[in-house]
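Participant: For reference, the file start.csv (CSV, C-alpha atoms) is included below:
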chain,number,residue,atom,x,y,z
A,752,GLU,CA,-3.7,2.1,-38.2
A,753,LYS,CA,-7.0,0.3,-38.8
A,754,VAL,CA,-8.3,-3.2,-39.5
A,755,LEU,CA,-9.2,-3.6,-43.2
A,756,VAL,CA,-10.3,-7.2,-43.1
A,757,PRO,CA,-10.8,-8.7,-39.6
A,758,SER,CA,-9.6,-12.2,-38.8
A,759,PRO,CA,-12.5,-14.6,-38.2
A,760,PHE,CA,-11.0,-15.0,-34.7
A,761,ARG,CA,-11.2,-11.3,-33.9
A,762,VAL,CA,-13.6,-10.3,-31.2
A,763,GLN,CA,-14.7,-6.9,-29.7
A,764,PRO,CA,-12.6,-6.3,-26.6
A,765,PRO,CA,-14.7,-5.4,-23.6
A,766,CYS,CA,-12.1,-2.9,-22.3
A,767,PRO,CA,-11.8,0.4,-24.2
A,768,PHE,CA,-8.2,0.9,-22.9
A,769,HIS,CA,-6.7,-2.5,-23.8
A,770,ARG,CA,-4.5,-1.1,-26.6
A,771,GLN,CA,-3.0,1.8,-24.6
A,772,CYS,CA,-2.7,-0.2,-21.4
A,773,GLY,CA,-0.7,-3.0,-22.9
A,774,GLY,CA,-1.7,-5.5,-20.2
A,775,CYS,CA,-4.2,-7.5,-22.2
A,776,GLN,CA,-2.3,-8.1,-25.5
A,777,LEU,CA,-4.7,-10.9,-26.6
A,778,GLN,CA,-8.0,-9.3,-25.7
A,779,PRO,CA,-9.2,-8.9,-29.4
A,780,LEU,CA,-8.6,-12.7,-30.0
A,781,SER,CA,-11.3,-15.2,-29.3
A,782,TYR,CA,-10.7,-17.2,-26.1
A,783,GLU,CA,-10.5,-20.5,-27.9
A,784,LYS,CA,-7.7,-19.1,-30.2
A,785,GLN,CA,-5.9,-17.6,-27.2
A,786,LEU,CA,-5.6,-21.1,-25.7
A,787,GLU,CA,-4.3,-22.4,-29.0
A,788,PHE,CA,-1.8,-19.6,-29.2
A,789,LYS,CA,-0.5,-20.4,-25.7
A,790,GLN,CA,-0.3,-24.2,-26.3
A,791,ASN,CA,1.8,-23.5,-29.4
A,792,LYS,CA,4.0,-21.0,-27.6
A,793,ILE,CA,4.9,-23.7,-25.0
A,794,ARG,CA,5.3,-26.4,-27.6
A,795,ASN,CA,7.6,-24.2,-29.8
A,796,ASN,CA,9.8,-23.3,-26.9
A,797,LEU,CA,10.2,-26.9,-25.8
A,798,ILE,CA,11.3,-27.8,-29.4
A,799,ARG,CA,13.4,-24.7,-30.3
A,800,ILE,CA,15.1,-24.0,-26.9
A,801,GLY,CA,14.7,-27.4,-25.2
A,802,GLY,CA,15.9,-29.3,-28.2
A,803,PHE,CA,13.2,-32.0,-27.9
A,804,SER,CA,11.8,-33.6,-31.0
A,805,PRO,CA,8.3,-32.5,-32.2
A,806,GLU,CA,7.2,-36.1,-32.1
A,807,HIS,CA,8.2,-36.6,-28.5
A,808,ILE,CA,6.7,-33.3,-27.4
A,809,ASP,CA,3.4,-34.0,-29.2
A,810,ALA,CA,3.2,-37.5,-27.7
A,811,CYS,CA,3.6,-36.0,-24.2
A,812,MET,CA,1.2,-33.1,-24.6
A,813,GLU,CA,-2.1,-32.9,-22.7
A,814,PRO,CA,-4.8,-30.3,-23.5
A,815,ILE,CA,-4.3,-26.9,-22.1
A,816,ILE,CA,-6.5,-26.0,-19.1
A,817,GLY,CA,-8.7,-23.0,-19.9
A,818,MET,CA,-11.3,-21.0,-17.9
A,819,GLU,CA,-15.1,-21.0,-18.2
A,820,ASP,CA,-15.2,-17.3,-17.5
A,821,PRO,CA,-11.9,-15.6,-18.5
A,822,TRP,CA,-12.8,-12.2,-16.9
A,823,HIS,CA,-12.5,-10.6,-13.4
A,824,TYR,CA,-10.2,-13.4,-12.3
A,825,ARG,CA,-7.4,-11.5,-10.6
A,826,ASN,CA,-7.4,-11.6,-6.8
A,827,LYS,CA,-4.6,-9.0,-6.6
A,828,ALA,CA,-3.8,-5.7,-8.4
A,829,GLN,CA,-1.3,-2.9,-7.8
A,830,PHE,CA,-2.4,0.5,-9.1
A,831,PRO,CA,0.1,3.4,-9.5
A,832,PHE,CA,-1.0,6.9,-8.7
A,833,GLY,CA,0.1,10.0,-10.6
A,834,TYR,CA,-1.2,13.0,-12.5
A,835,ASP,CA,-2.7,13.6,-16.0
A,836,LYS,CA,-1.8,16.4,-18.3
A,837,GLU,CA,-4.3,18.7,-16.6
A,838,GLY,CA,-2.7,18.1,-13.2
A,839,ASN,CA,-5.6,15.9,-11.9
A,840,VAL,CA,-4.7,12.9,-9.7
A,841,VAL,CA,-5.3,9.6,-11.6
A,842,THR,CA,-4.8,5.9,-11.1
A,843,GLY,CA,-4.9,3.0,-13.5
A,844,PHE,CA,-2.1,0.9,-15.1
A,845,TYR,CA,1.1,1.9,-16.9
A,846,ALA,CA,0.9,2.0,-20.7
A,847,GLY,CA,3.0,-0.7,-22.4
A,848,ARG,CA,6.8,-0.1,-22.1
A,849,SER,CA,6.3,3.1,-20.2
A,850,HIS,CA,5.4,4.7,-16.8
A,851,ASN,CA,2.6,6.8,-18.3
A,852,ILE,CA,-0.6,6.0,-16.4
A,853,ILE,CA,-3.7,5.1,-18.4
A,854,ALA,CA,-6.5,6.4,-16.1
A,855,ASN,CA,-8.9,3.5,-15.5
A,856,THR,CA,-10.5,2.3,-12.3
A,857,ASP,CA,-12.5,-0.5,-13.8
A,858,CYS,CA,-10.1,-3.2,-15.1
A,859,ALA,CA,-11.8,-6.1,-16.9
A,860,LEU,CA,-9.4,-8.6,-15.3
A,861,GLY,CA,-9.7,-7.4,-11.7
A,862,VAL,CA,-12.4,-7.8,-9.1
A,863,GLU,CA,-15.4,-5.4,-9.2
A,864,GLU,CA,-14.5,-4.0,-5.7
A,865,ASN,CA,-11.3,-2.5,-7.2
A,866,LYS,CA,-13.3,0.4,-8.7
A,867,THR,CA,-14.9,1.3,-5.4
A,868,VAL,CA,-11.6,1.2,-3.5
A,869,LEU,CA,-9.8,3.3,-6.0
A,870,GLU,CA,-12.5,5.9,-6.3
A,871,THR,CA,-12.7,6.1,-2.5
A,872,ILE,CA,-9.0,6.9,-2.4
A,873,LEU,CA,-9.1,9.4,-5.2
A,874,ALA,CA,-12.0,11.2,-3.5
A,875,TYR,CA,-10.0,11.3,-0.2
A,876,MET,CA,-6.9,12.7,-2.0
A,877,LYS,CA,-8.9,15.4,-3.7
A,878,LYS,CA,-10.7,16.4,-0.4
A,879,TYR,CA,-7.6,16.6,1.7
A,880,GLY,CA,-5.1,17.7,-0.9
A,881,VAL,CA,-3.0,14.6,-0.7
A,882,SER,CA,-0.3,14.4,-3.4
A,883,ALA,CA,0.5,11.5,-5.7
A,884,TYR,CA,4.1,10.4,-6.1
A,885,ASP,CA,6.2,11.8,-8.9
A,886,GLU,CA,9.0,9.3,-9.6
A,887,THR,CA,10.9,11.8,-11.7
A,888,TYR,CA,11.6,14.0,-8.7
A,889,GLY,CA,10.9,11.5,-5.9
A,890,LYS,CA,8.3,13.8,-4.4
A,891,GLY,CA,4.6,13.2,-3.5
A,892,LEU,CA,3.0,10.9,-1.0
A,893,ILE,CA,0.8,8.1,-2.4
A,894,ARG,CA,2.7,5.8,-4.8
A,895,HIS,CA,0.5,2.7,-5.3
A,896,VAL,CA,-2.5,0.9,-3.8
A,897,LEU,CA,-2.4,-2.9,-3.5
A,898,ILE,CA,-5.8,-4.6,-3.4
A,899,ARG,CA,-6.3,-8.3,-2.7
A,900,LYS,CA,-9.5,-10.3,-2.4
A,901,GLY,CA,-10.1,-13.8,-1.0
A,902,PHE,CA,-12.4,-15.4,-3.6
A,903,ALA,CA,-13.5,-18.1,-1.1
A,904,SER,CA,-13.7,-15.9,2.0
A,905,GLY,CA,-14.9,-12.6,0.3
A,906,GLN,CA,-12.3,-10.7,2.4
A,907,LEU,CA,-10.8,-7.6,1.0
A,908,MET,CA,-7.4,-5.9,1.7
A,909,ALA,CA,-6.4,-2.4,0.8
A,910,CYS,CA,-2.7,-1.4,1.3
A,911,VAL,CA,-1.7,2.2,0.5
A,912,VAL,CA,2.0,2.4,-0.5
A,913,ILE,CA,3.4,5.8,0.7
A,914,ASN,CA,6.5,7.9,0.3
A,915,GLY,CA,6.6,8.8,3.9
A,916,ASN,CA,5.6,7.5,7.3
A,917,LYS,CA,2.0,8.8,7.7
A,918,LEU,CA,-1.0,9.9,5.7
A,919,PRO,CA,-3.1,13.0,6.6
A,920,GLU,CA,-6.4,12.1,8.1
A,921,GLU,CA,-5.5,8.4,7.7
A,922,LYS,CA,-8.2,7.3,10.2
A,923,THR,CA,-10.8,9.0,8.0
A,924,LEU,CA,-9.5,7.2,4.9
A,925,ALA,CA,-9.5,3.9,6.8
A,926,GLU,CA,-13.1,4.4,8.0
A,927,GLU,CA,-14.2,5.2,4.4
A,928,LEU,CA,-12.6,2.1,3.0
A,929,TRP,CA,-14.1,0.0,5.9
A,930,LYS,CA,-17.5,0.8,4.6
A,931,ILE,CA,-16.8,-1.4,1.5
A,932,PRO,CA,-18.5,-4.8,1.9
A,933,GLY,CA,-15.8,-7.4,2.7
A,934,MET,CA,-13.1,-5.0,3.8
A,935,THR,CA,-11.0,-6.8,6.4
A,936,SER,CA,-7.6,-5.2,6.2
A,937,VAL,CA,-6.6,-1.5,5.7
A,938,SER,CA,-2.9,-0.7,6.0
A,939,VAL,CA,-0.1,1.5,4.8
A,940,ASN,CA,3.2,0.3,3.4
A,941,VAL,CA,6.2,2.6,3.7
A,942,ASN,CA,8.5,2.9,0.7
A,943,THR,CA,10.7,6.0,0.6
A,944,GLU,CA,13.3,4.5,-1.8
A,945,ARG,CA,13.9,5.9,-5.3
A,946,THR,CA,13.1,2.5,-6.9
A,947,ASN,CA,10.7,0.7,-9.3
A,948,VAL,CA,10.1,-1.9,-6.5
A,949,ILE,CA,6.5,-1.3,-5.5
A,950,LEU,CA,6.4,-2.4,-1.8
A,951,GLY,CA,8.7,-1.5,1.1
A,952,LYS,CA,9.3,-3.8,4.0
A,953,LYS,CA,7.3,-2.0,6.7
A,954,VAL,CA,3.5,-2.5,6.9
A,955,ARG,CA,1.3,-0.6,9.5
A,956,VAL,CA,-2.3,-1.6,10.0
A,957,LEU,CA,-4.8,1.2,10.1
A,958,LYS,CA,-7.9,-0.9,10.7
A,959,GLY,CA,-8.7,-4.6,10.9
A,960,GLU,CA,-6.3,-7.4,10.4
A,961,GLU,CA,-2.9,-7.4,8.7
A,962,LYS,CA,-3.8,-10.5,6.7
A,963,ILE,CA,-6.8,-11.9,4.9
A,964,GLU,CA,-7.7,-15.5,4.3
A,965,ASP,CA,-8.5,-17.5,1.2
A,966,THR,CA,-9.0,-21.2,0.5
A,967,ILE,CA,-7.7,-23.4,-2.4
A,968,GLY,CA,-9.3,-26.8,-2.4
A,969,ASP,CA,-9.5,-27.6,1.4
A,970,VAL,CA,-6.4,-25.7,2.4
A,971,VAL,CA,-6.8,-22.3,4.1
A,972,PHE,CA,-4.1,-19.6,3.5
A,973,ARG,CA,-3.4,-16.4,5.4
A,974,ILE,CA,-2.1,-13.7,3.1
A,975,SER,CA,-0.3,-10.5,4.0
A,976,PRO,CA,0.4,-7.5,1.7
A,977,LEU,CA,4.0,-8.9,1.1
A,978,SER,CA,2.9,-12.6,0.5
A,979,PHE,CA,3.4,-14.2,-2.9
A,980,TYR,CA,0.1,-15.9,-3.8
A,981,GLN,CA,-1.1,-16.9,-7.2
A,982,VAL,CA,-3.4,-14.2,-8.7
A,983,ASN,CA,-6.0,-16.5,-10.3
A,984,PRO,CA,-7.5,-18.7,-7.5
A,985,VAL,CA,-9.9,-20.6,-9.9
A,986,GLN,CA,-7.0,-21.8,-12.1
A,987,THR,CA,-4.6,-22.2,-9.2
A,988,LYS,CA,-6.7,-25.0,-7.8
A,989,LYS,CA,-6.5,-26.7,-11.3
A,990,LEU,CA,-2.8,-26.0,-11.6
A,991,TYR,CA,-1.9,-27.4,-8.2
A,992,GLY,CA,-4.2,-30.4,-8.8
A,993,GLN,CA,-2.3,-31.2,-12.0
A,994,ALA,CA,1.0,-30.9,-10.2
A,995,LEU,CA,-0.2,-33.2,-7.5
A,996,GLU,CA,-1.4,-35.7,-10.1
A,997,TYR,CA,2.0,-35.6,-11.8
A,998,ALA,CA,3.8,-36.1,-8.5
A,999,GLY,CA,2.0,-39.5,-8.2
A,1000,LEU,CA,2.2,-39.6,-4.4
A,1001,ALA,CA,1.1,-42.8,-2.6
A,1002,GLY,CA,1.7,-41.6,1.0
A,1003,GLU,CA,5.3,-42.8,1.6
A,1004,GLU,CA,7.3,-40.2,-0.3
A,1005,THR,CA,9.7,-37.5,0.8
A,1006,VAL,CA,9.0,-34.4,-1.3
A,1007,TRP,CA,11.0,-31.2,-1.8
A,1008,ASP,CA,9.1,-28.1,-2.9
A,1009,LEU,CA,11.6,-25.5,-4.1
A,1010,TYR,CA,10.7,-21.8,-4.4
A,1011,CYS,CA,7.7,-22.7,-2.1
A,1012,GLY,CA,6.4,-19.1,-1.4
A,1013,ILE,CA,3.8,-19.2,1.4
A,1014,GLY,CA,3.6,-23.0,1.1
A,1015,THR,CA,0.7,-23.2,-1.4
A,1016,ILE,CA,2.0,-26.2,-3.3
A,1017,SER,CA,3.7,-27.7,-0.2
A,1018,LEU,CA,0.5,-28.0,1.8
A,1019,PHE,CA,-1.3,-29.6,-1.1
A,1020,LEU,CA,1.5,-32.2,-1.4
A,1021,ALA,CA,1.7,-32.7,2.4
A,1022,LYS,CA,-1.9,-34.2,2.4
A,1023,LYS,CA,-0.6,-37.1,0.2
A,1024,ALA,CA,3.1,-37.4,1.1
A,1025,LYS,CA,5.0,-38.8,4.1
A,1026,LYS,CA,7.2,-35.6,4.5
A,1027,VAL,CA,7.4,-32.3,2.6
A,1028,TYR,CA,10.3,-29.8,2.8
A,1029,GLY,CA,9.8,-26.3,1.4
A,1030,VAL,CA,12.5,-23.8,0.6
A,1031,GLU,CA,12.0,-20.1,-0.1
A,1032,ILE,CA,14.4,-17.1,0.0
A,1033,VAL,CA,11.8,-14.6,1.5
A,1034,PRO,CA,11.7,-14.9,5.4
A,1035,GLU,CA,8.2,-13.4,5.6
A,1036,ALA,CA,6.9,-16.0,3.1
A,1037,ILE,CA,8.4,-18.9,5.2
A,1038,ALA,CA,6.8,-17.4,8.4
A,1039,ASP,CA,3.5,-17.4,6.4
A,1040,ALA,CA,4.1,-21.0,5.3
A,1041,LYS,CA,4.6,-22.2,8.9
A,1042,GLU,CA,1.5,-20.3,10.0
A,1043,ASN,CA,-0.5,-21.8,7.1
A,1044,ALA,CA,0.7,-25.3,8.0
A,1045,ALA,CA,-0.4,-24.8,11.6
A,1046,ARG,CA,-3.7,-23.2,10.6
A,1047,ASN,CA,-4.5,-26.4,8.6
A,1048,GLY,CA,-3.2,-28.9,11.2
A,1049,ILE,CA,-0.5,-30.1,8.8
A,1050,THR,CA,2.5,-31.5,10.8
A,1051,ASN,CA,4.5,-33.3,8.1
A,1052,ALA,CA,5.7,-30.1,6.3
A,1053,GLU,CA,9.0,-28.4,7.3
A,1054,PHE,CA,10.2,-25.0,5.8
A,1055,PHE,CA,13.6,-23.4,5.4
A,1056,VAL,CA,14.6,-19.8,4.6
A,1057,GLY,CA,17.3,-19.5,1.9
A,1058,LYS,CA,18.2,-19.9,-1.7
A,1059,ALA,CA,17.2,-23.2,-3.1
A,1060,GLU,CA,20.6,-23.6,-4.7
A,1061,GLU,CA,22.2,-23.3,-1.2
A,1062,VAL,CA,19.7,-25.0,1.1
A,1063,LEU,CA,19.3,-28.1,-1.0
A,1064,PRO,CA,23.0,-29.0,-1.3
A,1065,GLN,CA,23.5,-28.4,2.4
A,1066,LYS,CA,20.6,-30.6,3.4
A,1067,TYR,CA,21.5,-33.4,1.0
A,1068,GLU,CA,25.3,-33.4,1.3
A,1069,GLU,CA,25.6,-32.6,5.1
A,1070,GLU,CA,22.5,-34.2,6.5
A,1071,GLY,CA,21.7,-36.9,3.9
A,1072,VAL,CA,18.1,-35.7,3.3
A,1073,TYR,CA,17.0,-37.3,0.0
A,1074,ALA,CA,13.9,-36.8,-2.2
A,1075,ASP,CA,11.6,-39.2,-4.0
A,1076,VAL,CA,9.9,-36.3,-5.7
A,1077,ILE,CA,11.0,-32.7,-6.3
A,1078,VAL,CA,8.6,-30.0,-7.2
A,1079,VAL,CA,9.9,-26.7,-8.5
A,1080,ASP,CA,8.0,-23.5,-9.1
A,1081,PRO,CA,10.7,-20.9,-9.7
A,1082,PRO,CA,10.4,-17.2,-10.7
A,1083,ARG,CA,10.5,-16.2,-14.3
A,1084,LYS,CA,14.2,-16.6,-14.6
A,1085,GLY,CA,14.0,-20.3,-13.9
A,1086,CYS,CA,16.2,-22.5,-11.7
A,1087,ASP,CA,19.7,-21.8,-10.7
A,1088,GLU,CA,22.1,-24.2,-12.4
A,1089,LYS,CA,23.6,-25.3,-9.0
A,1090,CYS,CA,20.1,-26.1,-7.9
A,1091,LEU,CA,19.5,-28.2,-11.0
A,1092,GLU,CA,22.9,-30.0,-10.4
A,1093,THR,CA,21.9,-30.9,-6.8
A,1094,MET,CA,18.4,-32.1,-7.9
A,1095,VAL,CA,20.1,-34.5,-10.4
A,1096,ARG,CA,22.6,-35.8,-7.7
A,1097,MET,CA,19.6,-36.5,-5.3
A,1098,ARG,CA,18.2,-38.7,-8.1
A,1099,PRO,CA,14.5,-38.3,-7.3
A,1100,GLU,CA,12.2,-40.7,-9.3
A,1101,ARG,CA,10.1,-37.8,-10.5
A,1102,ILE,CA,10.6,-34.0,-11.0
A,1103,VAL,CA,7.4,-31.9,-11.4
A,1104,TYR,CA,8.3,-28.5,-12.9
A,1105,VAL,CA,5.7,-25.7,-12.6
A,1106,SER,CA,6.7,-22.7,-14.8
A,1107,CYS,CA,5.5,-19.2,-15.6
A,1108,ASP,CA,7.9,-18.8,-18.5
A,1109,SER,CA,8.1,-21.6,-21.0
A,1110,ALA,CA,11.4,-20.3,-22.4
A,1111,THR,CA,13.4,-20.7,-19.2
A,1112,LEU,CA,11.4,-23.9,-18.6
A,1113,ALA,CA,12.7,-25.3,-21.9
A,1114,ARG,CA,16.3,-24.3,-21.0
A,1115,ASP,CA,16.1,-26.1,-17.7
A,1116,LEU,CA,14.4,-29.2,-19.1
A,1117,LYS,CA,17.2,-29.5,-21.7
A,1118,TYR,CA,19.7,-29.6,-18.9
A,1119,LEU,CA,17.7,-32.2,-16.9
A,1120,GLY,CA,17.2,-34.2,-20.1
A,1121,GLU,CA,21.0,-34.3,-20.7
A,1122,MET,CA,21.4,-35.6,-17.1
A,1123,GLY,CA,19.2,-38.6,-17.3
A,1124,TYR,CA,15.6,-37.3,-17.0
A,1125,GLU,CA,12.9,-37.6,-19.6
A,1126,VAL,CA,9.8,-35.5,-20.2
A,1127,ARG,CA,6.8,-37.8,-19.7
A,1128,LYS,CA,3.8,-35.4,-19.7
A,1129,TRP,CA,3.3,-31.6,-20.0
A,1130,ARG,CA,0.3,-29.4,-19.9
A,1131,GLY,CA,-0.4,-25.6,-20.1
A,1132,CYS,CA,-2.7,-23.9,-17.6
A,1133,ASP,CA,-4.1,-20.5,-18.6
A,1134,MET,CA,-3.7,-18.5,-15.4
A,1135,PHE,CA,-3.7,-15.2,-17.3
A,1136,PRO,CA,-6.5,-15.0,-19.9
A,1137,GLY,CA,-6.3,-11.9,-22.2
A,1138,THR,CA,-2.5,-11.8,-21.9
A,1139,VAL,CA,0.4,-13.7,-23.6
A,1140,HIS,CA,1.5,-15.3,-20.3
A,1141,VAL,CA,0.8,-19.0,-19.5
A,1142,GLU,CA,1.8,-21.5,-16.8
A,1143,THR,CA,3.1,-25.0,-17.6
A,1144,VAL,CA,3.3,-28.2,-15.6
A,1145,VAL,CA,5.8,-30.8,-16.7
A,1146,LEU,CA,6.4,-34.3,-15.3
A,1147,MET,CA,9.9,-35.7,-15.8
A,1148,SER,CA,11.2,-39.0,-14.5
A,1149,ARG,CA,14.5,-40.8,-14.5
A,1150,LYS,CA,15.1,-42.7,-17.7
A,1151,ASP,CA,16.1,-45.8,-15.6
A,1152,THR,CA,12.8,-45.7,-13.6
What does the file become when written as structure tokens?
Facilitator:
Amino acid sequence: EKVLVPSPFRVQPPCPFHRQCGGCQLQPLSYEKQLEFKQNKIRNNLIRIGGFSPEHIDACMEPIIGMEDPWHYRNKAQFPFGYDKEGNVVTGFYAGRSHNIIANTDCALGVEENKTVLETILAYMKKYGVSAYDETYGKGLIRHVLIRKGFASGQLMACVVINGNKLPEEKTLAEELWKIPGMTSVSVNVNTERTNVILGKKVRVLKGEEKIEDTIGDVVFRISPLSFYQVNPVQTKKLYGQALEYAGLAGEETVWDLYCGIGTISLFLAKKAKKVYGVEIVPEAIADAKENAARNGITNAEFFVGKAEEVLPQKYEEEGVYADVIVVDPPRKGCDEKCLETMVRMRPERIVYVSCDSATLARDLKYLGEMGYEVRKWRGCDMFPGTVHVETVVLMSRKDT
């Protein structure tokens, strides 16, 4: 396969592995055209799946939010370890639609420190004969390495995921990793299950802190290896700023933040609202959210552990807790229908929907549209340059508002 006549929008990809890796599907496309592609993707899904008219969607559309520098933006990466055909230990990313590792320690989307961390671990494994995990047989020790960086703080985290309870010479490894500028947290995560899930539940600190800090806007967050935290901090600030603008808070509103994670959007909203309630199914994330609220002196945010589709009906029907504004930021599968039903019964003036999948977004907006809500504005935010993924923020309000 070869290019006979290149498109005028084709560019030379900086990463030599982008075709095999499959992570950066759009790397050969100019960034301006990537943004156009993503805006069209959202628009087409809203029309085709959501059933909205092209005229209405175009009238509500605001320009997509791009990046000035669309490289080295990821503050988190998870690298699998394995063997090449010659039996050498390698790390990198899985090739598209497979679990074959493309050996590469210098990803164009990740932070520059990733390369140093990975090569330090590879050298340690070679020196002490430490095995990589083989998922076919469930044998071997090192499965993955999770690396995080606080862009504002400069703090680094390295968490080695192991198929066992202990690493040989683990203090030596910790000391070597500690030499990397910014290293704040070195830990191991135990995962002995035969599963594709990367992280287990048990984390043991080898050196430093369990968590690192980062700042979005003027809110400081403490992040553990298990925390969900947006991977592009530069765009996250813009994304949350857009959600806050759409929420239209004047200081007297009660706001629900569903699928709140470690409270990232909740704490942004709390600065402008009377009261914010956050709901998240992961107990560790809610513990982080409470800690983050305390860390920032925010006293008007309250957090609940549980499924949004269970907590929301309970609080509304049994305790009479209402909402002026509801913000949802669900996983890729979108909102549960019971959750959507309760949102409609609570009759908030505005719903702000933040989505990482415009197809499930369109499906949910169709339901809300049939239940008396109307799309007023929508905007794409490019959190993942070089890939086909895109975030969307939508403002809906009651038709009778």
Participant: Excluding A:Ile808 and its own-chain neighbours fewer than 3 positions away, which residues fall within 9 Å of it when counting all atoms listed in the file? Please give them as a ChimeraX atom specification.
Facilitator: /A:794,797-798,803-805,811-812,1126-1129
Participant: Which residues are near A:Ile913? Cut-off 8 Å, all atoms listed in the file, ignore same chain within fewer than 4 positions. Put them as a PyMOL selection string.
Facilitator: chain A and resi 892-895+917-918+939-943
Participant: Measuring between all atoms listed in the file, which one of A:Ile1037, A:Leu1009, A:Val954, A:Leu924 shows the shortest distance to A:Lys878?
Facilitator: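 Distance minimum relative to A:Lys878 lands on A:Leu924.
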Participant: Compare A:Asn916, A:Thr966, A:Thr1143, A:Gln776 by their minimum atom-to-atom distance to A:Ser1106, counting all atoms listed in the file, and give me the closest one.
Facilitator: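 Using all atoms listed in the file, A:Ser1106 sits closest to A:Thr1143.
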Participant: Compile the contact shell of stretch 1086-1096 of chain A as a ChimeraX atom specification: residues with an atom at most 12 Å away, counting all atoms listed in the file, same-chain residues fewer than 3 positions apart removed.
Facilitator: /A:1006-1010,1030,1058-1068,1071-1083,1099-1108,1110-1124,1147-1149
Participant: Do a neighbour search on stretch 978-991 of chain A at 6 Å with all atoms listed in the file, toss out local chain neighbours closer than 2 positions, and write the hits as a VMD selection string.
Facilitator: chain A and resid 824 to 827 967 974 to 976 993 to 994 1012 1036 1134
Participant: A:Glu783: which residues within 10 Å, counting only C-alpha atoms, same-chain residues fewer than 5 positions away excluded, as a PyMOL selection string?
Facilitator: chain A and resi 760+788+817
Participant: Which distance in Å separates atom CA of A:Gly861 and atom CA of A:Val971, to one decimal?
Facilitator: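 Between these atoms lies a distance of 21.9 Å.
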Participant: May I ask for the distance between atom CA of A:Leu1020 and atom CA of A:Trp822, given in Å to one decimal place?
Facilitator: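 That distance, rounded to one decimal, is 29.1 Å.
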Participant: Given the choices A:Gly901, A:Gly847, A:Gly1137, A:Pro831, which gets closest to A:Tyr884 if the distance is worked out from all atoms listed in the file?
Facilitator: A:Pro831
Participant: Take atom CA of A:Gly843 and atom CA of A:Gly1131 and report the distance between them in Å, one decimal.
Facilitator: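 Interatomic distance, atom CA of A:Gly843 to atom CA of A:Gly1131: 29.7 Å.
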Participant: Of the candidates A:Pro1034, A:Gly880, A:Gly933, A:Gly1029, which one gets nearest to A:Lys952 if we count all atoms listed in the file?
Facilitator: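 So, comparing all the options, the nearest one is A:Pro1034.
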Participant: Measuring between only C-alpha atoms, which one of A:Glu864, A:Glu870, A:Asp1151, A:Glu1142 shows the shortest distance to A:Lys789?
Facilitator: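 Counting only C-alpha atoms, the residue closest to A:Lys789 is A:Glu1142.
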Participant: Taking into account all atoms listed in the file, which residue in the set A:Lys877, A:Lys962, A:His850, A:Lys1084 is nearest to A:Cys772?
Facilitator: A:His850
Participant: Enclose all atoms of stretch 991-994 of chain A listed in the file in an axis-aligned box, grow every side by 3 Å, and hand back centre and edge lengths in Å to one decimal, as JSON.
Facilitator:
{"center_x": -1.6, "center_y": -29.3, "center_z": -10.1, "size_x": 11.2, "size_y": 9.8, "size_z": 9.8}
Participant: For stretch 1133-1143 of chain A, supply N, CA and C atoms and format the output as a compact mmCIF listing (two decimals), keeping the file's coordinate frame.
Facilitator:
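Wrote out_1.txt, looks like this:
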# COMPACT_ATOMS: atom_id res chain seq x y z
N ASP A 1133 -3.97 -21.94 -18.30
CA ASP A 1133 -4.10 -20.50 -18.60
C ASP A 1133 -4.52 -19.77 -17.31
N MET A 1134 -3.48 -19.25 -16.64
CA MET A 1134 -3.70 -18.50 -15.40
C MET A 1134 -4.00 -17.00 -15.73
N PHE A 1135 -3.69 -16.59 -16.97
CA PHE A 1135 -3.70 -15.20 -17.30
C PHE A 1135 -4.47 -14.90 -18.62
N PRO A 1136 -5.78 -15.21 -18.70
CA PRO A 1136 -6.50 -15.00 -19.90
C PRO A 1136 -6.42 -13.49 -20.37
N GLY A 1137 -6.40 -13.29 -21.68
CA GLY A 1137 -6.30 -11.90 -22.20
C GLY A 1137 -4.87 -11.48 -22.41
N THR A 1138 -3.90 -12.18 -21.79
CA THR A 1138 -2.50 -11.80 -21.90
C THR A 1138 -1.72 -12.93 -22.60
N VAL A 1139 -0.44 -12.68 -22.89
CA VAL A 1139 0.40 -13.70 -23.60
C VAL A 1139 0.99 -14.70 -22.61
N HIS A 1140 0.79 -14.49 -21.30
CA HIS A 1140 1.50 -15.30 -20.30
C HIS A 1140 0.68 -16.64 -20.07
N VAL A 1141 1.42 -17.69 -19.75
CA VAL A 1141 0.80 -19.00 -19.50
C VAL A 1141 1.68 -19.81 -18.58
N GLU A 1142 1.05 -20.58 -17.70
CA GLU A 1142 1.80 -21.50 -16.80
C GLU A 1142 1.86 -22.87 -17.48
N THR A 1143 2.89 -23.61 -17.10
CA THR A 1143 3.10 -25.00 -17.60
C THR A 1143 3.43 -25.90 -16.48
